[in-house]
$ cat start_26.cif   # mmCIF, C-alpha atoms
data_data
loop_
_atom_site.label_atom_id
_atom_site.label_comp_id
_atom_site.auth_asym_id
_atom_site.auth_seq_id
_atom_site.Cartn_x
_atom_site.Cartn_y
_atom_site.Cartn_z
CA MET W 1 0.00 0.00 0.00
CA THR W 2 1.41 3.38 -0.94
CA ALA W 3 1.55 6.23 1.52
CA LEU W 4 -1.66 8.20 1.65
CA GLY W 5 -0.23 11.49 2.88
CA ALA W 6 -2.22 13.72 5.17
CA GLY W 7 -5.38 11.76 4.55
CA LEU W 8 -7.74 14.60 3.74
CA THR W 9 -8.61 12.92 0.46
CA GLY W 10 -12.05 12.90 -1.05
CA CYS W 11 -15.51 12.37 0.32
CA GLU W 12 -16.18 10.01 3.20
CA ASP W 13 -17.37 6.59 2.11
CA GLU W 14 -17.12 7.43 -1.57
CA LEU W 15 -18.74 4.80 -3.79
CA ALA W 16 -15.84 2.65 -4.97
CA THR W 17 -15.56 1.84 -8.82
CA GLY W 18 -20.32 -30.08 14.00
CA GLY W 19 -19.54 -32.85 12.39
CA ALA W 20 -19.19 -36.10 14.31
CA GLY W 21 -16.02 -35.27 16.20
CA SER W 22 -15.04 -36.37 19.64
CA THR W 23 -13.71 -34.42 22.58
CA PRO W 24 -11.44 -36.04 25.14
CA PRO W 25 -12.89 -36.21 28.64
CA PRO W 26 -11.71 -33.59 31.14
CA ARG W 27 -8.77 -34.50 33.32
CA THR W 28 -8.86 -34.04 37.06
CA ALA W 29 -5.86 -31.75 36.86
CA SER W 30 -4.82 -29.59 33.91
CA PRO W 31 -1.48 -27.98 33.12
CA GLU W 32 -1.20 -24.34 34.13
CA ASP W 33 -0.18 -21.29 32.12
CA GLY W 34 -0.64 -22.89 28.74
CA LYS W 35 2.22 -25.35 29.14
CA GLY W 36 0.31 -28.33 27.72
CA THR W 37 0.74 -31.95 28.72
CA GLU W 38 4.05 -33.68 29.33
CA ASP W 39 3.98 -35.07 25.80
CA GLY W 40 3.48 -31.60 24.33
CA LYS W 41 -0.18 -32.07 23.43
CA ALA W 42 -3.02 -29.70 24.16
CA PRO W 43 -4.70 -30.04 27.55
CA ALA W 44 -8.17 -31.55 27.61
CA PRO W 45 -11.06 -29.10 27.92
CA LEU W 46 -12.37 -28.38 31.41
CA TRP W 47 -15.81 -28.68 29.83
CA THR W 48 -17.45 -28.78 26.40
CA LYS W 49 -21.02 -27.69 25.67
CA SER W 50 -23.26 -27.59 22.64
CA THR W 51 -24.59 -24.08 22.07
CA SER W 52 -27.08 -22.18 19.92
CA ALA W 53 -24.23 -20.20 18.34
CA GLN W 54 -24.80 -18.57 14.95
CA THR W 55 -21.48 -16.97 14.05
CA TYR W 56 -19.78 -15.65 10.93
CA GLY W 57 -16.19 -15.51 12.19
CA ASP W 58 -16.05 -11.96 13.56
CA ASN W 59 -14.08 -11.52 16.77
CA ASP W 60 -16.98 -9.80 18.55
CA GLU W 61 -19.32 -12.80 18.34
CA LEU W 62 -17.91 -14.42 21.50
CA VAL W 63 -17.39 -12.57 24.79
CA ALA W 64 -16.42 -13.54 28.34
CA VAL W 65 -17.31 -11.18 31.19
CA ASP W 66 -18.73 -11.22 34.73
CA GLY W 67 -18.18 -14.95 35.14
CA VAL W 68 -20.08 -15.94 31.98
CA VAL W 69 -19.24 -16.67 28.36
CA ILE W 70 -21.70 -15.67 25.63
CA ALA W 71 -21.76 -16.66 21.95
CA SER W 72 -23.96 -14.90 19.42
CA GLY W 73 -26.99 -17.05 18.66
CA ASP W 74 -30.71 -17.63 19.09
CA PRO W 75 -31.50 -18.02 21.87
CA LEU W 76 -28.67 -15.92 23.24
CA ALA W 77 -27.31 -17.96 26.15
CA ALA W 78 -24.80 -17.14 28.88
CA LEU W 79 -22.85 -20.11 30.26
CA ASP W 80 -21.05 -20.19 33.58
CA GLY W 81 -17.35 -19.83 32.82
CA ALA W 82 -16.28 -22.32 35.48
CA THR W 83 -18.83 -25.09 34.88
CA GLY W 84 -20.54 -24.50 31.52
CA ALA W 85 -23.96 -24.48 33.19
CA GLU W 86 -26.49 -22.12 31.63
CA ARG W 87 -26.96 -18.91 33.64
CA TRP W 88 -29.61 -17.29 31.44
CA SER W 89 -31.14 -17.47 27.99
CA LEU W 90 -32.76 -14.82 25.82
CA PRO W 91 -34.90 -15.95 22.84
CA GLY W 92 -34.25 -13.82 19.77
CA GLY W 93 -31.55 -11.99 21.69
CA ALA W 94 -28.97 -11.44 18.98
CA VAL W 95 -29.06 -10.60 15.29
CA PRO W 96 -26.84 -13.03 13.35
CA GLY W 97 -23.67 -11.26 12.27
CA ALA W 98 -24.19 -8.27 14.58
CA PRO W 99 -21.52 -7.73 17.24
CA LEU W 100 -21.79 -8.37 20.98
CA LEU W 101 -20.49 -5.05 22.32
CA LEU W 102 -19.39 -4.61 25.92
CA GLY W 103 -19.57 -1.20 27.55
CA ALA W 104 -16.93 0.30 29.80
CA GLY W 105 -15.85 -2.20 32.43
CA GLY W 106 -18.04 -4.86 30.87
CA SER W 107 -21.07 -3.63 32.80
CA THR W 108 -23.44 -3.67 29.82
CA LEU W 109 -23.83 -5.89 26.77
CA TYR W 110 -25.24 -3.91 23.83
CA LEU W 111 -27.19 -5.73 21.11
CA ALA W 112 -29.25 -4.97 18.05
CA SER W 113 -32.75 -6.21 18.85
CA GLY W 114 -33.37 -9.75 17.64
CA LYS W 115 -36.99 -8.77 17.06
CA TYR W 116 -35.90 -6.42 14.26
CA ASP W 117 -38.02 -3.66 15.77
CA GLY W 118 -35.46 -0.85 15.54
CA ASN W 119 -34.36 -1.06 19.17
CA VAL W 120 -30.83 -1.23 20.51
CA ILE W 121 -30.84 -2.86 23.95
CA GLY W 122 -28.39 -3.12 26.83
CA TYR W 123 -28.28 -6.13 29.16
CA ALA W 124 -26.46 -6.97 32.38
CA PRO W 125 -24.10 -9.79 31.26
CA ALA W 126 -24.25 -11.68 34.56
CA SER W 127 -28.06 -11.85 34.74
CA GLY W 128 -29.37 -11.15 31.24
CA LYS W 129 -31.68 -8.45 32.58
CA GLU W 130 -32.41 -5.45 30.38
CA THR W 131 -30.79 -2.27 31.72
CA TRP W 132 -30.99 0.15 28.76
CA ARG W 133 -32.96 0.67 25.57
CA SER W 134 -32.91 3.14 22.71
CA HIS W 135 -34.77 3.62 19.44
CA LEU W 136 -33.26 5.69 16.65
CA GLY W 137 -36.59 6.44 14.97
CA LYS W 138 -39.20 4.94 12.65
CA GLU W 139 -37.49 6.40 9.60
CA TYR W 140 -34.50 4.11 10.17
CA ARG W 141 -34.30 0.34 9.79
CA GLN W 142 -32.52 -2.00 12.17
CA PRO W 143 -29.75 0.06 13.75
CA ARG W 144 -26.72 -2.06 14.64
CA PRO W 145 -24.24 -1.00 17.30
CA VAL W 146 -20.68 -0.89 15.95
CA ALA W 147 -18.74 0.71 18.83
CA VAL W 148 -19.17 1.92 22.39
CA ASP W 149 -17.27 4.13 24.83
CA GLY W 150 -17.94 5.46 28.31
CA THR W 151 -20.76 7.79 27.26
CA GLN W 152 -22.16 6.74 23.89
CA VAL W 153 -23.21 3.77 21.76
CA TYR W 154 -22.48 4.22 18.05
CA VAL W 155 -24.88 2.65 15.54
CA ILE W 156 -25.33 2.38 11.79
CA ALA W 157 -28.82 2.07 10.29
CA GLU W 158 -30.53 2.14 6.90
CA ILE W 159 -32.53 5.26 6.02
CA LEU W 160 -35.98 4.20 4.81
CA GLU W 161 -37.52 5.64 1.65
CA ALA W 162 -41.27 6.15 1.24
CA ASP W 163 -41.61 2.83 -0.58
CA GLY W 164 -39.79 0.92 2.16
CA SER W 165 -36.53 0.61 0.24
CA SER W 166 -33.19 2.07 1.31
CA ARG W 167 -30.29 3.55 -0.67
CA THR W 168 -28.43 5.35 2.10
CA ASN W 169 -27.55 4.84 5.74
CA VAL W 170 -26.80 6.88 8.81
CA ILE W 171 -24.21 6.69 11.56
CA ALA W 172 -25.41 7.95 14.94
CA ALA W 173 -24.47 8.22 18.59
CA LEU W 174 -26.88 7.26 21.40
CA ASN W 175 -26.36 8.39 24.98
CA SER W 176 -25.51 5.29 27.03
CA SER W 177 -27.27 6.69 30.11
CA THR W 178 -30.51 8.08 28.68
CA GLY W 179 -30.74 6.37 25.28
CA LYS W 180 -31.35 9.74 23.65
CA LEU W 181 -29.87 10.61 20.28
CA ALA W 182 -26.68 12.66 20.63
CA TRP W 183 -26.04 13.15 16.90
CA LYS W 184 -26.55 11.53 13.51
CA GLU W 185 -24.79 11.94 10.18
CA GLN W 186 -25.86 10.57 6.81
CA ARG W 187 -23.19 8.53 5.05
CA ASP W 188 -22.54 8.86 1.34
CA LEU W 189 -24.61 7.21 -1.37
CA GLY W 190 -23.33 3.73 -2.14
CA THR W 191 -22.11 2.89 1.35
CA GLU W 192 -23.52 -0.11 3.17
CA GLN W 193 -24.59 -0.70 6.74
CA ASN W 194 -22.91 -4.11 6.79
CA GLY W 195 -19.19 -4.86 6.72
CA VAL W 196 -18.27 -2.03 9.09
CA HIS W 197 -15.61 -2.46 11.77
CA ALA W 198 -15.27 0.37 14.28
CA ALA W 199 -13.35 1.47 17.36
CA VAL W 200 -13.35 4.50 19.65
CA GLN W 201 -10.28 6.25 21.02
CA GLY W 202 -10.87 9.43 23.00
CA ARG W 203 -12.57 11.98 20.76
CA TYR W 204 -12.22 9.82 17.65
CA LEU W 205 -14.62 7.25 16.19
CA VAL W 206 -12.74 5.19 13.59
CA TYR W 207 -14.21 2.74 11.11
CA THR W 208 -13.49 0.81 7.92
CA ASP W 209 -15.87 -0.75 5.42
CA PHE W 210 -16.02 -2.94 2.33
CA LYS W 211 -15.77 0.14 0.08
CA LYS W 212 -12.08 0.64 0.95
CA ASN W 213 -12.76 3.59 3.26
CA LEU W 214 -10.89 4.48 6.45
CA THR W 215 -12.89 7.18 8.22
CA VAL W 216 -12.52 9.15 11.45
CA ARG W 217 -15.31 11.19 13.05
CA ASP W 218 -15.48 13.42 16.10
CA THR W 219 -17.33 11.56 18.87
CA ALA W 220 -18.82 14.80 20.26
CA THR W 221 -20.41 16.05 17.04
CA GLY W 222 -20.27 13.22 14.50
CA LYS W 223 -18.50 15.50 12.04
CA GLN W 224 -15.94 13.88 9.80
CA VAL W 225 -12.35 14.60 10.83
CA TRP W 226 -10.82 12.90 7.80
CA THR W 227 -11.28 10.00 5.43
CA GLN W 228 -9.10 8.28 2.88
CA LYS W 229 -9.19 5.37 0.50
CA THR W 230 -7.22 2.26 1.33
CA THR W 231 -5.58 0.21 -1.39
CA LYS W 232 -7.04 -3.05 -0.09
CA THR W 233 -10.53 -3.86 1.16
CA SER W 234 -10.50 -4.33 4.93
CA TYR W 235 -12.58 -7.39 5.71
CA GLY W 236 -11.50 -7.72 9.34
CA PRO W 237 -10.84 -5.61 12.41
CA PHE W 238 -8.06 -3.06 12.83
CA VAL W 239 -6.63 -1.69 16.10
CA VAL W 240 -6.19 1.71 17.72
CA HIS W 241 -3.38 2.56 20.13
CA GLN W 242 -2.93 5.94 21.79
CA ASP W 243 -3.05 8.41 18.88
CA LEU W 244 -2.74 5.85 16.09
CA VAL W 245 -5.01 3.64 14.00
CA ILE W 246 -3.22 0.54 12.66
CA VAL W 247 -4.66 -1.18 9.60
CA PRO W 248 -3.46 -4.28 7.70
CA GLN W 249 -3.42 -3.58 3.97
CA GLY W 250 -2.31 -6.64 2.09
CA GLN W 251 1.47 -6.85 2.23
CA ARG W 252 1.76 -3.76 4.45
CA LEU W 253 0.71 -2.99 7.99
CA GLN W 254 0.26 0.77 8.33
CA ALA W 255 -0.20 3.17 11.23
CA PHE W 256 -1.94 6.51 10.70
CA ALA W 257 -2.34 9.48 13.03
CA LEU W 258 -5.88 9.72 14.36
CA SER W 259 -5.72 13.51 14.19
CA ASP W 260 -5.07 13.91 10.44
CA GLY W 261 -4.52 10.53 8.74
CA SER W 262 -0.81 11.02 8.12
CA GLU W 263 1.22 7.81 7.97
CA LYS W 264 3.49 7.29 10.99
CA TRP W 265 5.03 3.90 10.30
CA SER W 266 4.61 0.76 8.24
CA VAL W 267 5.78 -2.86 8.33
CA GLU W 268 6.11 -4.93 5.19
CA ALA W 269 5.61 -8.68 4.93
CA GLU W 270 7.47 -10.93 2.54
CA GLN W 271 6.56 -10.77 -1.15
CA PHE W 272 3.27 -12.49 -2.04
CA THR W 273 2.17 -12.68 1.62
CA THR W 274 -0.58 -10.67 3.27
CA PHE W 275 -1.20 -9.64 6.86
CA ARG W 276 -4.12 -11.04 8.81
CA GLU W 277 -6.06 -9.27 11.61
CA PRO W 278 -3.99 -7.52 14.34
CA THR W 279 -4.59 -7.62 18.10
CA ILE W 280 -3.06 -5.41 20.82
CA LEU W 281 -2.62 -7.07 24.23
CA ASP W 282 -0.60 -5.58 27.09
CA ASP W 283 0.76 -2.86 24.78
CA VAL W 284 2.11 -5.35 22.23
CA LEU W 285 0.66 -5.80 18.75
CA TYR W 286 0.45 -9.40 17.57
CA ILE W 287 -0.14 -10.25 13.93
CA ALA W 288 0.37 -13.21 11.60
CA ASP W 289 0.70 -13.24 7.83
CA SER W 290 -0.29 -15.71 5.13
CA GLY W 291 3.30 -16.97 5.00
CA ARG W 292 2.81 -18.24 8.59
CA THR W 293 5.17 -15.72 10.14
CA LEU W 294 4.03 -14.42 13.52
CA ARG W 295 5.17 -11.00 14.72
CA ALA W 296 5.11 -9.07 17.97
CA VAL W 297 5.37 -5.34 17.26
CA GLU W 298 5.71 -2.21 19.39
CA PRO W 299 2.51 -0.40 18.34
CA ARG W 300 3.83 3.11 18.97
CA THR W 301 6.78 2.78 16.61
CA GLY W 302 6.25 -0.35 14.52
CA LYS W 303 9.55 -1.78 15.76
CA LYS W 304 9.86 -5.56 15.98
CA VAL W 305 9.71 -7.13 19.44
CA TRP W 306 10.13 -10.63 18.01
CA GLN W 307 9.41 -12.55 14.83
CA SER W 308 8.67 -16.28 14.78
CA THR W 309 8.49 -18.96 12.08
CA ALA W 310 7.26 -21.61 14.55
CA LEU W 311 3.89 -21.88 12.76
CA GLN W 312 5.61 -22.33 9.41
CA ASP W 313 8.00 -24.92 10.87
CA ALA W 314 5.07 -26.92 12.28
CA GLY W 315 2.91 -26.55 9.16
CA ALA W 316 0.30 -24.92 11.39
CA GLN W 317 -2.59 -22.75 10.23
CA VAL W 318 -2.41 -18.96 10.56
CA PRO W 319 -4.25 -17.44 13.56
CA ARG W 320 -6.57 -14.50 12.99
CA GLN W 321 -7.63 -13.66 16.55
CA PHE W 322 -5.62 -13.56 19.79
CA VAL W 323 -6.16 -13.46 23.54
CA ARG W 324 -3.51 -13.67 26.25
CA VAL W 325 -3.48 -15.31 29.68
CA GLY W 326 -0.25 -15.04 31.66
CA SER W 327 2.72 -15.83 29.45
CA THR W 328 0.64 -17.59 26.80
CA LEU W 329 -0.84 -16.14 23.64
CA TYR W 330 -3.82 -18.07 22.27
CA GLY W 331 -4.53 -17.73 18.56
CA ALA W 332 -7.73 -18.87 16.79
CA THR W 333 -7.57 -19.97 13.16
CA ASP W 334 -9.96 -20.62 10.32
CA LEU W 335 -11.02 -24.21 9.68
CA ASP W 336 -8.02 -26.41 8.94
CA LYS W 337 -6.72 -29.77 10.08
CA GLN W 338 -3.58 -27.97 11.25
CA GLY W 339 -5.58 -25.21 12.90
CA GLY W 340 -7.78 -24.70 15.93
CA VAL W 341 -6.46 -22.78 18.91
CA HIS W 342 -2.68 -22.40 19.10
CA ALA W 343 -0.95 -21.83 22.44
CA ILE W 344 2.09 -19.62 21.78
CA ASP W 345 4.82 -18.33 24.10
CA ALA W 346 4.04 -14.60 24.28
CA LYS W 347 7.72 -13.75 24.89
CA THR W 348 9.25 -15.68 21.99
CA GLY W 349 6.55 -16.80 19.57
CA ALA W 350 7.33 -20.49 20.14
CA LEU W 351 4.39 -22.82 19.46
CA ARG W 352 3.51 -24.85 22.56
CA TRP W 353 0.50 -26.85 21.37
CA THR W 354 -2.64 -26.75 19.24
CA PHE W 355 -6.15 -27.69 20.37
CA ASN W 356 -8.54 -29.00 17.72
CA ASP W 357 -11.82 -30.79 18.40
CA GLU W 358 -11.47 -32.81 15.16
CA SER W 359 -15.11 -32.07 14.29
CA GLY W 360 -14.41 -30.82 10.78
CA ASP W 361 -16.95 -28.03 11.29
CA PHE W 362 -16.64 -25.39 8.54
CA HIS W 363 -16.86 -22.41 10.92
CA SER W 364 -13.85 -20.37 11.95
CA TRP W 365 -12.59 -20.74 15.51
CA LEU W 366 -13.23 -17.90 17.97
CA VAL W 367 -11.53 -17.31 21.32
CA ALA W 368 -12.29 -15.23 24.41
CA THR W 369 -10.93 -15.20 27.94
CA ASP W 370 -12.01 -14.22 31.43
CA GLY W 371 -8.38 -14.15 32.56
CA LYS W 372 -8.59 -17.66 34.01
CA HIS W 373 -9.97 -19.79 31.18
CA VAL W 374 -9.74 -19.65 27.42
CA PHE W 375 -13.06 -20.23 25.68
CA ALA W 376 -12.83 -21.71 22.19
CA LEU W 377 -15.92 -21.73 19.99
CA HIS W 378 -16.03 -23.91 16.89
CA GLY W 379 -19.42 -23.97 15.19
CA LYS W 380 -21.84 -24.87 17.96
CA LYS W 381 -19.25 -26.47 20.26
CA LEU W 382 -17.87 -24.30 23.06
CA HIS W 383 -14.80 -25.58 24.90
CA ALA W 384 -13.29 -24.17 28.10
CA LEU W 385 -9.52 -24.61 28.16
CA PRO W 386 -7.35 -23.95 31.22
CA GLY W 387 -5.59 -20.61 30.98
#

$ encode --input "start_26.cif" --output "structure tokens"
Amino acid sequence: MTALGAGLTGCEDELATGGAGSTPPPRTASPEDGKGTEDGKAPAPLWTKSTSAQTYGDNDELVAVDGVVIASGDPLAALDGATGAERWSLPGGAVPGAPLLLGAGGSTLYLASGKYDGNVIGYAPASGKETWRSHLGKEYRQPRPVAVDGTQVYVIAEILEADGSSRTNVIAALNSSTGKLAWKEQRDLGTEQNGVHAAVQGRYLVYTDFKKNLTVRDTATGKQVWTQKTTKTSYGPFVVHQDLVIVPQGQRLQAFALSDGSEKWSVEAEQFTTFREPTILDDVLYIADSGRTLRAVEPRTGKKVWQSTALQDAGAQVPRQFVRVGSTLYGATDLDKQGGVHAIDAKTGALRWTFNDESGDFHSWLVATDGKHVFALHGKKLHALPG
């Protein structure tokens, strides 16, 4: 991807020309800190449960908070993190493909209404009780929350025409205390309400979409700060760190200033390889590429912390989502016989073990953690691994 300069380029959002697998029974004692068994194999799950999960591979379709783990599905069910027992269930609770967004401190779970009635609803994760509700207006169809901060919930919704069709959409901010509309801004003709990934950092709301747009808005007013075209379509999440937004763009990983879109640093992968989705954990950016190289990067400067070919050496699948517990980095892959959930030494990038339920399910793996356990979702099977 070539440098995009100051980033004040063009209009915002311009229209661009399981199977029958088996799971080993839990052991009475499991290895700690991701070390695996004595023979180097993955530890057995603490528990495995069948769920109502309906996921599409986005990182925000599985969350662990307040002692429960929740996978997007119908009914939306919260399972006890320690035992796998169901804590609560909500029929029609989640819209397939819409994110499960946690508010500040994990106190509220924000969802697009599964009844498709235009509501955005907040629930207490531990109990499933409704704590907040907002409605953007009858002239908008099915607002979906895309980001949340300490004061506002940000949604995107279709703008309805008189005949019930829609050609445009709106991005809006809802007050997370009162549910009242704080601001709304119409996006450009040709943009879509789906395929948006968003994040909030201070006064900046940042999002990408399938139309190769990288856009930043002011969280107080909704006004566009800057937008620019990316050279590659961003199908997955990006990350923000301090005053930077960091976006994988094919062979390059680029960091732009949130204030004006100027490029601050970039990292280039080997020829013919592309970067996957990045994750920042404990102030370190972790990212893999299609050549099976795993990198740990200092997100402020782009400098290498370490670079590992352990995945390539083992013929292992490339992870696309990461969580960390202690000294172990857990990476979830797409479906592959050499994939699943990799346990990786967070200090060196060495591969410790890989957990795979051997189900052959076509869904991507998803991971989440409560700091004690690692929850691995594969299709409708949810496994709790020792952290």

$ residues_around --input "start_26.cif" --residues "stretch 189-197 of chain W" --least-positions-apart "2" --cutoff "7 Å" --atoms "only C-alpha atoms" --output "list in words"
Asp13, Leu15, Val146, Ile156, Ala157, Glu158, Arg167, Thr168, Asn169, Arg187, Tyr207, Thr208, Asp209, Phe210 and Pro237 of chain W

$ resolve_selection --input "start_26.cif" --expression "the PyMOL selection byres ((chain W and resi 132) around 10)" --output "PDB file with C-alpha atoms, keeping the file's coordinate frame"
ATOM      1  CA  THR W 108     -23.440  -3.670  29.820  1.00  0.00           C
ATOM      2  CA  LEU W 109     -23.830  -5.890  26.770  1.00  0.00           C
ATOM      3  CA  TYR W 110     -25.240  -3.910  23.830  1.00  0.00           C
ATOM      4  CA  VAL W 120     -30.830  -1.230  20.510  1.00  0.00           C
ATOM      5  CA  ILE W 121     -30.840  -2.860  23.950  1.00  0.00           C
ATOM      6  CA  GLY W 122     -28.390  -3.120  26.830  1.00  0.00           C
ATOM      7  CA  TYR W 123     -28.280  -6.130  29.160  1.00  0.00           C
ATOM      8  CA  ALA W 124     -26.460  -6.970  32.380  1.00  0.00           C
ATOM      9  CA  LYS W 129     -31.680  -8.450  32.580  1.00  0.00           C
ATOM     10  CA  GLU W 130     -32.410  -5.450  30.380  1.00  0.00           C
ATOM     11  CA  THR W 131     -30.790  -2.270  31.720  1.00  0.00           C
ATOM     12  CA  ARG W 133     -32.960   0.670  25.570  1.00  0.00           C
ATOM     13  CA  SER W 134     -32.910   3.140  22.710  1.00  0.00           C
ATOM     14  CA  SER W 176     -25.510   5.290  27.030  1.00  0.00           C
ATOM     15  CA  SER W 177     -27.270   6.690  30.110  1.00  0.00           C
ATOM     16  CA  THR W 178     -30.510   8.080  28.680  1.00  0.00           C
ATOM     17  CA  GLY W 179     -30.740   6.370  25.280  1.00  0.00           C
TER      18      GLY W 179
END

$ resolve_selection --input "start_26.cif" --expression "the PyMOL selection byres ((chain W and resi 56) around 9)" --output "count of residues only"
9

$ resolve_selection --input "start_26.cif" --expression "the PyMOL selection byres ((chain W and resi 140) around 10)" --output "list of chain:residue names"
W:Gly118, W:His135, W:Leu136, W:Gly137, W:Lys138, W:Glu139, W:Arg141, W:Gln142, W:Pro143, W:Ile156, W:Ala157, W:Glu158, W:Ile159, W:Leu160, W:Glu161, W:Ser166, W:Asn169, W:Val170

$ closest_residue --input "start_26.cif" --among "W:Gly114, W:Gly387, W:Gly202, W:Gly222" --to "W:Val240" --atoms "all atoms listed in the file"
W:Gly202

$ build_atoms --input "start_26.cif" --residues "stretch 216-235 of chain W" --atoms "N, CA and C atoms" --output "mmCIF file, keeping the file's coordinate frame"
data_model
loop_
_atom_site.group_PDB
_atom_site.id
_atom_site.type_symbol
_atom_site.label_atom_id
_atom_site.label_comp_id
_atom_site.auth_asym_id
_atom_site.auth_seq_id
_atom_site.Cartn_x
_atom_site.Cartn_y
_atom_site.Cartn_z
ATOM 1 N N VAL W 216 -12.581 8.719 10.053
ATOM 2 C CA VAL W 216 -12.520 9.150 11.450
ATOM 3 C C VAL W 216 -13.517 10.285 11.655
ATOM 4 N N ARG W 217 -14.347 10.154 12.694
ATOM 5 C CA ARG W 217 -15.310 11.190 13.050
ATOM 6 C C ARG W 217 -15.073 11.666 14.478
ATOM 7 N N ASP W 218 -15.537 12.858 14.754
ATOM 8 C CA ASP W 218 -15.480 13.420 16.100
ATOM 9 C C ASP W 218 -16.616 12.820 16.922
ATOM 10 N N THR W 219 -16.299 12.221 18.075
ATOM 11 C CA THR W 219 -17.330 11.560 18.870
ATOM 12 C C THR W 219 -18.322 12.542 19.484
ATOM 13 N N ALA W 220 -17.931 13.809 19.646
ATOM 14 C CA ALA W 220 -18.820 14.800 20.260
ATOM 15 C C ALA W 220 -19.876 15.309 19.290
ATOM 16 N N THR W 221 -19.511 15.423 18.008
ATOM 17 C CA THR W 221 -20.410 16.050 17.040
ATOM 18 C C THR W 221 -20.802 15.125 15.891
ATOM 19 N N GLY W 222 -20.030 14.084 15.638
ATOM 20 C CA GLY W 222 -20.270 13.220 14.500
ATOM 21 C C GLY W 222 -19.641 13.730 13.213
ATOM 22 N N LYS W 223 -19.088 14.934 13.242
ATOM 23 C CA LYS W 223 -18.500 15.500 12.040
ATOM 24 C C LYS W 223 -17.248 14.723 11.633
ATOM 25 N N GLN W 224 -17.083 14.597 10.324
ATOM 26 C CA GLN W 224 -15.940 13.880 9.800
ATOM 27 C C GLN W 224 -14.656 14.657 10.049
ATOM 28 N N VAL W 225 -13.656 13.991 10.622
ATOM 29 C CA VAL W 225 -12.350 14.600 10.830
ATOM 30 C C VAL W 225 -11.501 14.405 9.578
ATOM 31 N N TRP W 226 -11.476 13.192 9.074
ATOM 32 C CA TRP W 226 -10.820 12.900 7.800
ATOM 33 C C TRP W 226 -11.266 11.532 7.293
ATOM 34 N N THR W 227 -11.053 11.310 6.021
ATOM 35 C CA THR W 227 -11.280 10.000 5.430
ATOM 36 C C THR W 227 -10.292 9.803 4.306
ATOM 37 N N GLN W 228 -9.968 8.566 4.009
ATOM 38 C CA GLN W 228 -9.100 8.280 2.880
ATOM 39 C C GLN W 228 -9.381 6.878 2.363
ATOM 40 N N LYS W 229 -9.038 6.673 1.104
ATOM 41 C CA LYS W 229 -9.190 5.370 0.500
ATOM 42 C C LYS W 229 -8.000 4.485 0.876
ATOM 43 N N THR W 230 -8.288 3.223 1.125
ATOM 44 C CA THR W 230 -7.220 2.260 1.330
ATOM 45 C C THR W 230 -7.032 1.480 0.038
ATOM 46 N N THR W 231 -5.842 0.918 -0.149
ATOM 47 C CA THR W 231 -5.580 0.210 -1.390
ATOM 48 C C THR W 231 -6.151 -1.194 -1.387
ATOM 49 N N LYS W 232 -6.469 -1.723 -0.213
ATOM 50 C CA LYS W 232 -7.040 -3.050 -0.090
ATOM 51 C C LYS W 232 -8.332 -2.968 0.705
ATOM 52 N N THR W 233 -9.307 -3.781 0.367
ATOM 53 C CA THR W 233 -10.530 -3.860 1.160
ATOM 54 C C THR W 233 -10.222 -4.461 2.521
ATOM 55 N N SER W 234 -10.726 -3.840 3.571
ATOM 56 C CA SER W 234 -10.500 -4.330 4.930
ATOM 57 C C SER W 234 -11.696 -5.178 5.344
ATOM 58 N N TYR W 235 -11.492 -6.487 5.363
ATOM 59 C CA TYR W 235 -12.580 -7.390 5.710
ATOM 60 C C TYR W 235 -12.619 -7.708 7.207
#
